[in-house]
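Asks: Okay, so here is entry-v1.cif, and as you'll see once you scroll down, it has mmCIF, C-alpha atoms and all ligand atoms.
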```cif
data_model
#
loop_
_atom_site.label_atom_id
_atom_site.label_comp_id
_atom_site.auth_asym_id
_atom_site.auth_seq_id
_atom_site.Cartn_x
_atom_site.Cartn_y
_atom_site.Cartn_z
CA MET X 1 1.12 -20.66 13.61
CA GLU X 2 -2.05 -18.72 12.92
CA MET X 3 -2.41 -15.21 14.36
CA ILE X 4 -5.93 -14.62 13.04
CA THR X 5 -8.37 -17.14 11.57
CA LEU X 6 -11.68 -16.21 9.96
CA LYS X 7 -14.24 -18.95 9.41
CA ASP X 8 -17.19 -18.25 7.12
CA VAL X 9 -17.24 -14.59 8.07
CA ALA X 10 -19.93 -12.44 6.49
CA LYS X 11 -20.89 -8.82 7.09
CA GLN X 12 -24.09 -7.21 5.99
CA TYR X 13 -25.10 -3.55 6.24
CA GLY X 14 -28.83 -3.44 5.49
CA ASP X 15 -29.04 -4.87 1.98
CA ILE X 16 -25.33 -4.49 1.26
CA LYS X 17 -23.30 -7.66 1.58
CA ALA X 18 -19.89 -6.14 2.37
CA LEU X 19 -18.27 -9.56 3.02
CA LYS X 20 -19.48 -12.98 1.92
CA ASN X 21 -18.27 -16.17 3.62
CA ILE X 22 -14.63 -15.29 4.05
CA SER X 23 -12.37 -18.02 5.44
CA LEU X 24 -8.67 -17.34 5.76
CA GLU X 25 -5.68 -17.43 8.09
CA VAL X 26 -3.13 -14.72 8.76
CA MET X 27 0.07 -16.35 10.02
CA LYS X 28 2.20 -15.03 12.87
CA GLY X 29 5.01 -12.78 11.65
CA GLU X 30 3.79 -12.38 8.07
CA VAL X 31 2.83 -9.33 6.06
CA PHE X 32 -0.58 -10.15 4.63
CA SER X 33 -1.80 -7.73 2.02
CA VAL X 34 -5.36 -7.25 0.90
CA ILE X 35 -5.89 -5.59 -2.46
CA GLY X 36 -9.10 -4.79 -4.23
CA PRO X 37 -11.08 -2.01 -5.87
CA ASN X 38 -13.04 0.68 -4.00
CA GLY X 39 -15.86 -0.72 -1.93
CA SER X 40 -14.70 -4.34 -2.26
CA GLY X 41 -14.69 -4.84 1.52
CA LYS X 42 -11.05 -4.24 2.53
CA THR X 43 -11.80 -1.83 5.38
CA THR X 44 -14.64 -3.98 6.68
CA LEU X 45 -12.35 -7.03 6.67
CA LEU X 46 -9.62 -5.23 8.64
CA ARG X 47 -12.12 -3.83 11.15
CA ILE X 48 -13.47 -7.30 11.80
CA MET X 49 -9.99 -8.79 12.17
CA ALA X 50 -9.06 -5.97 14.57
CA GLY X 51 -12.18 -6.56 16.70
CA ILE X 52 -13.49 -3.04 15.99
CA GLU X 53 -16.54 -4.48 14.27
CA ALA X 54 -18.44 -7.73 14.82
CA PRO X 55 -19.25 -9.99 11.86
CA THR X 56 -22.91 -10.65 11.04
CA LYS X 57 -22.05 -14.32 10.75
CA GLY X 58 -19.01 -16.54 11.26
CA THR X 59 -16.12 -16.88 13.69
CA VAL X 60 -12.96 -14.89 14.35
CA ILE X 61 -10.12 -16.63 16.19
CA PHE X 62 -7.30 -14.43 17.48
CA ASP X 63 -4.12 -16.25 18.54
CA GLY X 64 -6.03 -19.42 19.30
CA GLU X 65 -8.93 -17.79 21.18
CA GLU X 66 -12.36 -17.46 19.62
CA VAL X 67 -13.34 -13.81 19.94
CA ASP X 68 -16.47 -13.29 22.05
CA GLY X 69 -17.97 -10.64 24.30
CA LYS X 70 -15.78 -11.69 27.24
CA ASN X 71 -12.32 -11.53 25.70
CA LEU X 72 -12.94 -8.85 23.06
CA VAL X 73 -11.40 -5.92 24.96
CA LYS X 74 -8.33 -7.94 25.94
CA LEU X 75 -7.75 -9.24 22.39
CA ARG X 76 -8.45 -5.88 20.74
CA ARG X 77 -5.52 -4.43 22.68
CA ARG X 78 -3.15 -6.83 20.94
CA GLY X 79 -3.62 -5.01 17.65
CA THR X 80 -3.47 -1.40 16.49
CA MET X 81 -5.06 0.07 13.40
CA VAL X 82 -3.79 2.95 11.27
CA PHE X 83 -6.37 4.42 8.93
CA GLN X 84 -6.01 6.11 5.57
CA LYS X 85 -6.70 9.41 7.27
CA THR X 86 -6.00 9.02 10.95
CA ALA X 87 -7.27 11.94 13.00
CA LEU X 88 -4.48 13.24 15.22
CA PHE X 89 -5.11 15.13 18.45
CA ASN X 90 -4.63 18.86 18.09
CA THR X 91 -1.51 19.00 20.21
CA THR X 92 2.22 18.27 19.88
CA VAL X 93 3.70 15.31 18.06
CA PHE X 94 5.00 14.03 21.41
CA GLY X 95 1.55 14.33 23.01
CA ASN X 96 0.02 12.30 20.19
CA ILE X 97 2.52 9.48 20.23
CA ALA X 98 2.71 9.29 24.04
CA TYR X 99 -1.07 9.16 24.47
CA GLY X 100 -1.58 5.39 24.29
CA LEU X 101 1.40 4.73 26.55
CA LYS X 102 0.09 7.19 29.16
CA LEU X 103 -3.28 5.44 29.09
CA ARG X 104 -1.48 2.18 29.72
CA GLN X 105 0.38 3.87 32.61
CA PHE X 106 3.92 3.37 31.36
CA PRO X 107 6.67 5.12 33.42
CA GLN X 108 7.55 8.60 32.10
CA GLN X 109 11.13 7.72 31.18
CA GLU X 110 10.04 4.74 29.10
CA ILE X 111 7.37 6.82 27.36
CA LYS X 112 10.03 9.34 26.38
CA GLU X 113 12.40 6.68 25.08
CA ARG X 114 9.73 4.90 23.06
CA VAL X 115 8.48 8.14 21.51
CA ILE X 116 11.99 9.16 20.48
CA ASP X 117 12.70 5.71 19.01
CA ALA X 118 9.43 5.73 17.07
CA LEU X 119 10.15 9.18 15.66
CA ASP X 120 13.54 7.95 14.48
CA ILE X 121 11.92 4.99 12.75
CA VAL X 122 9.49 7.20 10.81
CA LYS X 123 12.30 9.69 10.11
CA LEU X 124 10.80 12.58 12.08
CA HIS X 125 13.69 12.96 14.49
CA GLY X 126 13.41 16.18 16.53
CA TYR X 127 9.70 16.74 15.76
CA GLU X 128 8.53 16.16 19.38
CA GLU X 129 7.37 19.70 20.10
CA ARG X 130 5.92 20.45 16.65
CA LEU X 131 2.16 20.91 16.56
CA THR X 132 0.49 18.26 14.43
CA LYS X 133 -1.58 20.83 12.55
CA SER X 134 1.65 22.40 11.23
CA LEU X 135 2.70 19.14 9.52
CA SER X 136 2.14 18.03 5.93
CA GLY X 137 -0.30 15.18 5.21
CA GLY X 138 2.58 12.74 4.78
CA GLU X 139 4.22 13.80 8.05
CA GLN X 140 0.91 13.49 9.88
CA GLN X 141 0.51 9.97 8.59
CA ARG X 142 4.02 9.11 9.81
CA VAL X 143 3.04 10.44 13.27
CA ALA X 144 -0.06 8.21 13.13
CA LEU X 145 2.19 5.25 12.33
CA ALA X 146 4.61 6.17 15.15
CA ARG X 147 1.64 6.34 17.53
CA ALA X 148 0.82 2.76 16.59
CA LEU X 149 4.45 1.55 16.73
CA VAL X 150 5.10 2.65 20.33
CA LEU X 151 2.41 0.31 21.59
CA GLU X 152 4.39 -2.67 20.25
CA THR X 153 1.26 -4.73 19.69
CA ASP X 154 1.39 -8.18 18.09
CA VAL X 155 -0.53 -7.09 15.01
CA LEU X 156 -0.57 -3.87 13.02
CA PHE X 157 -3.56 -3.23 10.76
CA LEU X 158 -2.88 -0.64 8.07
CA ASP X 159 -5.78 0.57 5.98
CA GLU X 160 -4.43 2.26 2.84
CA PRO X 161 -1.68 3.95 4.83
CA THR X 162 -0.05 5.66 1.85
CA ALA X 163 -3.01 6.80 -0.26
CA ASN X 164 -2.33 10.21 -1.83
CA LEU X 165 0.86 10.95 0.11
CA ASP X 166 4.10 12.48 -1.17
CA PRO X 167 6.71 9.95 -2.44
CA LYS X 168 9.12 10.52 0.47
CA SER X 169 6.42 9.68 3.04
CA VAL X 170 5.31 6.68 0.99
CA SER X 171 8.82 5.23 1.02
CA VAL X 172 9.33 5.95 4.74
CA ILE X 173 6.05 4.18 5.52
CA GLU X 174 6.94 1.23 3.26
CA GLU X 175 10.38 0.93 4.90
CA THR X 176 8.81 1.12 8.36
CA ILE X 177 6.41 -1.70 7.53
CA THR X 178 9.30 -3.90 6.44
CA TRP X 179 11.39 -2.90 9.48
CA ILE X 180 8.72 -3.55 12.09
CA ASN X 181 7.94 -6.91 10.55
CA ARG X 182 11.60 -8.00 10.36
CA GLU X 183 12.92 -6.52 13.60
CA ARG X 184 9.93 -6.98 15.88
CA ASN X 185 8.26 -9.84 14.11
CA THR X 186 5.01 -7.88 14.14
CA THR X 187 2.25 -9.42 12.04
CA VAL X 188 1.05 -6.84 9.51
CA VAL X 189 -2.27 -6.79 7.68
CA LEU X 190 -2.11 -4.19 4.93
CA ALA X 191 -5.08 -3.06 2.85
CA THR X 192 -3.99 -1.26 -0.28
CA HIS X 193 -5.09 -0.21 -3.73
CA ASN X 194 -1.52 -0.38 -4.75
CA MET X 195 -0.63 -3.76 -6.23
CA TYR X 196 3.06 -2.89 -6.34
CA GLN X 197 3.00 -2.38 -2.58
CA ALA X 198 1.27 -5.71 -2.13
CA GLU X 199 3.85 -7.35 -4.35
CA THR X 200 6.91 -5.89 -2.65
CA LEU X 201 5.77 -5.83 0.99
CA GLY X 202 3.36 -8.72 1.35
CA ASN X 203 4.46 -12.30 1.89
CA ARG X 204 0.95 -13.29 0.88
CA THR X 205 -1.66 -11.33 -0.98
CA MET X 206 -5.40 -11.65 -1.19
CA LEU X 207 -7.42 -10.07 -3.97
CA ILE X 208 -10.93 -9.22 -2.80
CA ILE X 209 -13.70 -8.32 -5.23
CA ASN X 210 -17.31 -7.65 -4.20
CA GLY X 211 -16.72 -8.97 -0.68
CA GLU X 212 -15.38 -12.31 -1.92
CA ILE X 213 -11.90 -13.77 -2.09
CA SER X 214 -10.95 -13.73 -5.75
CA GLN X 215 -7.39 -14.98 -5.28
CA ILE X 216 -5.16 -15.71 -2.31
CA GLY X 217 -1.59 -16.95 -2.22
CA GLN X 218 2.10 -16.14 -2.08
CA SER X 219 2.53 -12.61 -3.45
CA LYS X 220 5.16 -13.83 -5.86
CA GLU X 221 2.78 -16.36 -7.38
CA ILE X 222 -0.20 -14.02 -7.45
CA PHE X 223 1.79 -11.47 -9.40
CA THR X 224 3.57 -13.80 -11.78
CA LEU X 225 0.80 -16.22 -12.73
CA PRO X 226 -1.58 -14.75 -15.29
CA SER X 227 -4.92 -13.82 -13.80
CA THR X 228 -7.65 -12.04 -15.66
CA GLN X 229 -9.16 -10.70 -12.44
CA LEU X 230 -5.89 -9.08 -11.54
CA ALA X 231 -5.52 -7.63 -15.02
CA ASP X 232 -9.09 -6.33 -14.85
CA PHE X 233 -8.51 -4.88 -11.42
CA THR X 234 -9.81 -1.44 -12.18
CA ARG X 235 -7.25 0.85 -10.63
CA VAL X 236 -4.25 -0.61 -12.39
CA GLU X 237 -2.49 1.81 -14.66
CA ASN X 238 -0.05 1.11 -17.50
CA ILE X 239 -1.37 -2.39 -18.02
CA PHE X 240 -1.02 -3.64 -21.59
CA SER X 241 -1.28 -6.95 -23.31
CA GLY X 242 0.83 -8.15 -26.20
CA ILE X 243 2.87 -10.97 -27.64
CA SER X 244 6.11 -11.77 -25.91
CA THR X 245 9.07 -13.26 -27.76
CA MET X 246 12.22 -14.38 -26.02
CA ARG X 247 15.51 -12.99 -27.23
CA VAL X 248 18.73 -14.97 -27.37
CA GLU X 249 19.87 -13.63 -24.00
CA GLY X 250 16.64 -15.02 -22.47
CA THR X 251 14.80 -11.76 -21.84
CA PRO X 252 11.41 -11.02 -23.38
CA ILE X 253 10.40 -8.29 -25.77
CA VAL X 254 6.65 -7.66 -25.84
CA THR X 255 4.95 -6.32 -28.96
CA LEU X 256 1.71 -4.54 -28.09
CA ASP X 257 -1.27 -4.71 -30.43
CA ASN X 258 -0.35 -1.38 -32.06
CA GLY X 259 3.24 -2.45 -32.68
CA LEU X 260 4.89 -0.69 -29.73
CA LYS X 261 7.74 -2.85 -28.42
CA ILE X 262 8.50 -2.99 -24.70
CA GLU X 263 11.57 -4.73 -23.33
CA ALA X 264 11.30 -6.63 -20.05
CA ALA X 265 13.95 -8.26 -17.85
CA HIS X 266 11.89 -11.32 -16.85
CA GLY X 267 8.90 -13.21 -18.14
CA SER X 268 7.76 -15.87 -20.55
CA GLY X 269 6.85 -16.03 -24.23
CA GLY X 270 3.36 -16.01 -25.74
CA ARG X 271 0.43 -13.71 -24.98
CA VAL X 272 1.19 -11.79 -21.79
CA THR X 273 -0.06 -8.88 -19.75
CA LEU X 274 2.47 -6.41 -18.49
CA PHE X 275 2.44 -3.39 -16.25
CA ILE X 276 4.78 -0.60 -15.29
CA ARG X 277 4.28 1.42 -12.12
CA PRO X 278 3.72 5.12 -12.90
CA GLU X 279 6.50 6.21 -10.53
CA ASP X 280 9.03 4.00 -12.34
CA ILE X 281 8.71 6.01 -15.55
CA ILE X 282 11.06 8.97 -15.97
CA LEU X 283 9.51 11.90 -17.78
CA SER X 284 11.82 14.34 -19.56
CA LYS X 285 11.55 17.10 -22.15
CA ASP X 286 14.56 15.87 -24.12
CA ARG X 287 15.67 12.35 -24.87
CA ILE X 288 17.95 11.27 -22.02
CA VAL X 289 20.99 9.07 -22.37
CA SER X 290 20.75 6.20 -19.93
CA SER X 291 21.04 2.45 -19.64
CA ALA X 292 17.22 2.12 -19.58
CA ARG X 293 16.01 -0.04 -22.47
CA ASN X 294 12.63 1.61 -23.08
CA VAL X 295 12.40 5.15 -24.47
CA PHE X 296 9.24 6.53 -26.11
CA ALA X 297 8.34 9.96 -27.43
CA GLY X 298 4.86 11.22 -26.58
CA GLN X 299 2.57 14.12 -25.85
CA ILE X 300 0.76 15.04 -22.64
CA ALA X 301 -2.93 14.21 -23.03
CA GLY X 302 -4.17 14.85 -19.49
CA ILE X 303 -3.11 16.37 -16.18
CA ILE X 304 -4.47 15.23 -12.80
CA ASP X 305 -3.50 17.39 -9.82
CA LEU X 306 -3.01 15.30 -6.65
CA GLY X 307 -1.64 18.05 -4.40
CA PRO X 308 2.10 17.43 -3.98
CA LEU X 309 2.01 15.05 -6.94
CA VAL X 310 0.79 15.34 -10.50
CA LYS X 311 -0.36 12.42 -12.61
CA LEU X 312 0.05 12.85 -16.32
CA ARG X 313 -1.53 10.86 -19.12
CA VAL X 314 0.95 10.67 -21.96
CA ASP X 315 0.08 9.47 -25.42
CA ALA X 316 3.10 7.59 -26.76
CA GLY X 317 1.24 5.38 -29.22
CA ARG X 318 -0.42 3.88 -26.16
CA GLU X 319 -1.51 5.92 -23.20
CA PHE X 320 0.88 5.78 -20.25
CA VAL X 321 0.29 7.24 -16.81
CA VAL X 322 3.28 8.91 -15.20
CA GLN X 323 3.56 10.41 -11.76
CA ILE X 324 5.87 13.32 -10.93
CA THR X 325 6.06 15.92 -8.18
CA LYS X 326 4.21 19.19 -8.60
CA ARG X 327 7.58 20.92 -8.29
CA SER X 328 9.07 19.06 -11.27
CA PHE X 329 5.89 19.69 -13.21
CA ILE X 330 6.20 23.44 -12.66
CA GLU X 331 9.97 23.55 -13.19
CA MET X 332 9.64 21.73 -16.49
CA GLY X 333 6.93 24.13 -17.66
CA LEU X 334 4.66 21.30 -18.81
CA ASN X 335 1.17 21.61 -20.19
CA ILE X 336 -1.39 19.76 -22.30
CA ASP X 337 0.18 18.75 -25.66
CA SER X 338 3.78 19.29 -24.40
CA HIS X 339 6.19 16.94 -26.17
CA VAL X 340 7.95 14.63 -23.70
CA PHE X 341 9.99 11.44 -23.52
CA LEU X 342 9.20 8.46 -21.32
CA THR X 343 12.09 6.30 -20.14
CA PHE X 344 11.93 3.14 -18.04
CA LYS X 345 14.12 0.14 -17.35
CA ALA X 346 13.41 -3.36 -18.57
CA SER X 347 13.43 -4.40 -14.89
CA SER X 348 10.51 -2.02 -14.18
CA VAL X 349 8.30 -3.97 -16.59
CA HIS X 350 6.30 -6.60 -14.70
CA VAL X 351 5.15 -9.39 -16.96
CA LEU X 352 2.11 -11.32 -15.68
P1 LIG T 1 -12.33 1.64 -0.19
O1 LIG T 1 -11.19 1.15 -1.02
O2 LIG T 1 -13.20 2.61 -0.92
O3 LIG T 1 -11.94 2.09 1.18
P2 LIG T 1 -13.12 -0.94 0.83
O4 LIG T 1 -12.63 -2.03 -0.03
O5 LIG T 1 -12.37 -0.66 2.08
O6 LIG T 1 -13.29 0.37 -0.03
P3 LIG T 1 -15.44 -1.19 2.55
O7 LIG T 1 -15.25 0.19 3.13
O8 LIG T 1 -15.11 -2.32 3.41
O9 LIG T 1 -14.63 -1.31 1.18
O10 LIG T 1 -16.95 -1.28 2.07
C1 LIG T 1 -17.55 -2.46 1.53
C2 LIG T 1 -19.02 -2.18 1.24
O11 LIG T 1 -19.74 -2.02 2.46
C3 LIG T 1 -19.27 -0.93 0.44
O12 LIG T 1 -20.35 -1.16 -0.41
C4 LIG T 1 -19.64 0.10 1.49
O13 LIG T 1 -20.47 1.11 0.96
C5 LIG T 1 -20.36 -0.74 2.52
N1 LIG T 1 -20.22 -0.22 3.90
C6 LIG T 1 -19.07 -0.14 4.60
N2 LIG T 1 -19.29 0.34 5.84
C7 LIG T 1 -20.61 0.59 5.93
C8 LIG T 1 -21.48 1.09 6.96
N3 LIG T 1 -21.02 1.43 8.16
N4 LIG T 1 -22.79 1.20 6.66
C9 LIG T 1 -23.28 0.85 5.47
N5 LIG T 1 -22.54 0.36 4.45
C10 LIG T 1 -21.23 0.23 4.67
#
```
If you convert what's in this file into structure tokens, what do you get?
Replies:
Amino acid sequence: MEMITLKDVAKQYGDIKALKNISLEVMKGEVFSVIGPNGSGKTTLLRIMAGIEAPTKGTVIFDGEEVDGKNLVKLRRRGTMVFQKTALFNTTVFGNIAYGLKLRQFPQQEIKERVIDALDIVKLHGYEERLTKSLSGGEQQRVALARALVLETDVLFLDEPTANLDPKSVSVIEETITWINRERNTTVVLATHNMYQAETLGNRTMLIINGEISQIGQSKEIFTLPSTQLADFTRVENIFSGISTMRVEGTPIVTLDNGLKIEAAHGSGGRVTLFIRPEDIILSKDRIVSSARNVFAGQIAGIIDLGPLVKLRVDAGREFVVQITKRSFIEMGLNIDSHVFLTFKASSVHVL
């Protein structure tokens, strides 16, 4: 059953065509992820689906009802949106999460129970009386998610909910998305830059480029079938192409153009594209003994400070991007030109 159907939806801001003739269905109970580069139209698409914005052209059908001026307010209440940077009210965590329930005139006892449950889900148990301004960015985003969860709407729209957050908050948010979808059967529409998130959380994934659907399908297929658009998708890091040969045990080894050999756990032979997520690469100063099949020596070529996280460009014959916490970065005493080792498992290598 369809939860949301878009038919020939277009959105224009002055001369900018943010969306061009988009037709798609989001099914009830699925996690539908939308990936695409900056400015490709992800936010606009979510805002139109959520009824926050009207399309310039085309039709939006929400749970069987065509959205129009008469039913808009009623239908809009069946979804909640969490933004990349959701502004919280400058009060307590409890006050923030309870707000929507108070507006909807829920009894006090039920408000309390729902708030406590939601805080447990986002792993902020006992935070009720904390002031939101005293929380870290990741904690604030988890409060924003809890504020959406308590409303128990049919659809949750998440617009880049984990961009630039600490790894702990990213994993709590990812687990919460999976939980709410499985336990409550909530339909989730997730816009993300992060193709790994789309791959692991989304039942289906849509790649949007320049306001147009470039690819749409089961996430598994999208990420296993070769696609040049996906490979060209600008924000992807650690994406390499090479020639894959199958070993006797049936696992591929991929030789990159400069001779570097990368072992993978799955994939086919021939010319392939592969990627490794930056957070799956272990960075160490000395060679570590582990079961991981891929170990490369390299030198730090660039340092990008992301607040609680640091992204490092490491030249190991090819340039790899690795992400570590600021704390590890400081503790390890790293700097430009530091000699390091990169270690990652064959199962962390995604072959397209
Ligand atoms: P990002 O990843 O940077 O958030 P996005 O994929 O969400 O990008 P949108 O925010 O939907 O992309 O923007 C699509 C296009 O529409 C962009 O060119 C943007 O500049 C433009 N746009 C979006 N909102 C407006 C607006 N209110 N007025 C004018 N142009 C807009």
Asks: Which residues, written as a VMD selection string, have at least one atom at most 8 Å from Ala50 of chain X, with all atoms listed in the file counted and residues fewer than 6 positions away on the same chain left out?
Replies: chain X and resid 76 79 to 81 157
Asks: Name the residues in contact with Ser347 of chain X at a cut-off of 9 Å, using all atoms listed in the file, excluding same-chain residues fewer than 3 positions from it; report them as a list of chain:residue names.
Replies: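 Here the answer would be X:Glu263, X:Ala264, X:Ala265, X:His266, X:Ala292, X:Phe344, X:His350.
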Asks: Quick one: of X:Lys220, X:Lys28, X:Arg182, X:Arg293, who's nearest to Ala198 of chain X, counting all atoms listed in the file?
Replies: X:Lys220
Asks: Check which residues fall inside 6 Å of ligand LIG 1 (chain T) when counting all atoms listed in the file, and print them as a list in words.
Replies: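 Final answer, ordered by chain and number: Tyr13, Ala18, Pro37, Asn38, Gly39, Ser40, Gly41, Lys42, Thr43 and Thr44 of chain X.
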Asks: Atom CA of Ile173 of chain X and atom CA of Tyr127 of chain X are how many Å apart?
Replies: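 Separation of atom CA of Ile173 of chain X and atom CA of Tyr127 of chain X: 16.6 Å.
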Asks: With distances taken over all atoms listed in the file, which residue among X:Gly51, X:Arg313, X:Gln84, X:Thr176 lies nearest Asp68 of chain X?
Replies: X:Gly51
Asks: Determine, counting all atoms listed in the file, which protein, DNA and RNA residues have an atom within 9 Å of an atom of Lys311 of chain X; residues of the same chain fewer than 4 positions away are not included. Present the result as JSON, numbers by chain.
Replies: {"X": [278, 302, 303, 304, 305, 306, 321, 322, 323, 324, 325]}
Asks: For Leu151 of chain X, which of X:Val170, X:Leu201, X:Ile111, X:Ile48 is the closest residue, counting only C-alpha atoms?
Replies: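 Looking only at the distances to Leu151 of chain X, the closest residue turns out to be X:Ile111.
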Asks: Kindly indicate which residue among X:Ser284, X:Gln299, X:Thr59, X:Asn210 lies nearest to Met332 of chain X, using only C-alpha atoms for the distances.
Replies: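 The closest residue to Met332 of chain X is X:Ser284.
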Asks: What is the atom CA of Asn164 of chain X to atom CA of Gly202 of chain X distance in Å?
Replies: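 Result for atom CA of Asn164 of chain X versus atom CA of Gly202 of chain X: 20.0 Å, one decimal.
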Asks: Using all atoms listed in the file, find the one residue out of X:Ser241, X:Thr91, X:Gln105, X:Asn21 that sits nearest to Pro55 of chain X.
Replies: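 Using all atoms listed in the file, Pro55 of chain X sits closest to X:Asn21.
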Asks: Just the residues within 6 Å of Leu165 of chain X, please, counting all atoms listed in the file, with nothing from its chain fewer than 2 positions along; format it as a count of residues only.
Replies: 3
Asks: Could you state the separation of atom CA of Asp315 of chain X and atom CA of Ile300 of chain X in Å, given to one decimal place?
Replies: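 Atom CA of Asp315 of chain X sits 6.3 Å away from atom CA of Ile300 of chain X.
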Asks: Measuring atom to atom with only C-alpha atoms, identify which of X:Gly95, X:Gly211, X:Gly333, X:Gly269 is nearest to Ser23 of chain X.
Replies: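 The answer is X:Gly211, which sits nearest to Ser23 of chain X.
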Asks: Show which residues sit within 12 Å of Phe106 of chain X, as a ChimeraX atom specification. Count only C-alpha atoms, and ignore same-chain residues fewer than 6 positions away.
Replies: /X:98-100,112-115,150-151
Asks: How would the residues just picked look written out with C-alpha atoms as a compact mmCIF listing (two decimals), in the coordinates of the input?
Replies:
```txt
# COMPACT_ATOMS: atom_id res chain seq x y z
CA ALA X 98 2.71 9.29 24.04
CA TYR X 99 -1.07 9.16 24.47
CA GLY X 100 -1.58 5.39 24.29
CA LYS X 112 10.03 9.34 26.38
CA GLU X 113 12.40 6.68 25.08
CA ARG X 114 9.73 4.90 23.06
CA VAL X 115 8.48 8.14 21.51
CA VAL X 150 5.10 2.65 20.33
CA LEU X 151 2.41 0.31 21.59
```
